[in-house]
Every structure is written in structure tokens, then in C-alpha cells.
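Chemist: Just dropping this structure here.
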Amino acid sequence: EQEVARLTKLITDWQLRPVLTIEELEAPKAAEQAARKQERADARAAKLAKKVAFYQGRIDSGVKQRKPHLIADAFEAAQRSLRNDFDFTREVAVSAIGRDHVFAAFDLDVRADARNEPNRTALSRMTDTRYAWGKPLTWPAALA
């Protein structure tokens, strides 16, 4: 009798409802995942923009003050930092800074490692404070 009552109630309460597809059931979850992914991408882009602005400021300051060691430090640090934090290649890390003309003026190759030739010699001259002992570093005419 209890089973008959239960089934009777199910039959009387039954309503026609559309059948949901798997896509319709999963859509809210997929939208939530897409929103989280977009938030992570936005946070990454903001972090990249902040780092790029920082290194651009250091390089611009070095050019303005005519201090090549600041430019050399930023060249090395930008490669290391952007490569570690964003998995960039050397070339992409340095070109993201957007100061290729400054690096070219000091004969720095953005495709080469900061510690390998030809950059090692250029960076050494830029950071060496004993210019009078060797060949003095003249300020590049392209940055005058």
C-alpha cells in the first residue's frame, strides 16, 4: 500500500520538463573555469606590465643620467627576471622592455646571453668604473 501511494503521488505530481544535455549541465562550471582562467591571465598581464615599466624606468634613468652601469644592470636583471617569472626566451624578455635602440647603442645583442660574447665585453665596459685604465667608454651618439 505504501508503494502504491508513493507511485501514485509521483504520477500525479509529474510535469513535463525539457531534458538537459551534458553541455547545458556543464555550462555553468565551464563559464566559472573560464572566468578564473581569465582572472589569472589578467593578473599575469598586470604583473608583466609592472615589471616592464620598472625596467623601462631603470633604463630611461640610466640614459638620462648617462650612467651605463644602470643600463647594464637592467639588461641583465630583465633577462633573468622575465625568463624566470614568465618563461620568456632571452630575446623575448629583452624585447618586451622595448628599449632595443638603447641596447644596440651599447653593442648589446638581445639574442645573446648577457654572460656570453659579445655581450660580456660590452657589459664589462659598461659596468667598469676604471675607464681611464683601459679604453674609455664614450657615450653613444645615438643616445645623445
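Ordering of the C-alpha cells sets the chain letters (A, B, ...), residue numbers begin anew at 1 in every chain, and ligands are numbered from 1 in the order given.
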When DSSP is applied to the backbone of this structure, which of stretch 24-116 of chain A are assigned alpha helix (DSSP H)? Write them out as number ranges by chain.
Modeler: A: 24-65, 68-86, 90-97, 100-105
Chemist: Please report the interatomic distance between atom CA of A:Gly98 and atom CA of A:Lys37 in Å with one decimal.
Modeler: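 Atom CA of A:Lys37 lies 27.4 Å from atom CA of A:Gly98.
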Chemist: To one decimal in Å, tell me the separation between atom CA of A:Arg66 and atom CA of A:Leu48.
Modeler: 26.5 Å
Chemist: Identify which of the residues A:Ala141, A:Leu108, A:Ala53, A:Ala46 lies closest to A:Ile71, counting only C-alpha atoms when measuring atom-to-atom distances.
Modeler: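 Once distances to A:Ile71 are computed over only C-alpha atoms, the minimum belongs to A:Leu108.
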Chemist: Would you pick out the contacts of A:Lys47 at 12 Å or less, using only C-alpha atoms, so that residues sharing its chain but fewer than 4 positions from it are not included, and give the list as a list in words?
Modeler: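 Listed by chain and then number, they are Arg40, Ala41, Asp42, Ala43, Lys51, Val52, Ala53, Phe54, Ser81, Leu82, Asp85 and Phe86 of chain A.
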Chemist: Separation of atom CA of A:Arg120 and atom CA of A:Phe103, in Å?
Modeler: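 For atom CA of A:Arg120 relative to atom CA of A:Phe103, the distance reads 13.0 Å.
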Chemist: Which residues are close to stretch 56-61 of chain A, i.e. within 12 Å by only C-alpha atoms, leaving aside same-chain residues fewer than 3 positions away? Reply as a PyMOL selection string.
Modeler: chain A and resi 49-53+64-78+94-103+143
Chemist: Closest to A:Leu123 among A:Ala144, A:Leu7, A:Phe106, A:Glu26, using only C-alpha atoms?
Modeler: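 Of all the options, A:Phe106 lies closest to A:Leu123.
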Chemist: Name the closest residue to A:Glu91 among the candidates A:Val19, A:Ala45, A:Ala104, A:Ala112; distances are taken between atoms, counting only C-alpha atoms.
Modeler: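 Of A:Val19, A:Ala45, A:Ala104, A:Ala112, the one nearest A:Glu91, counting only C-alpha atoms, is A:Ala112.
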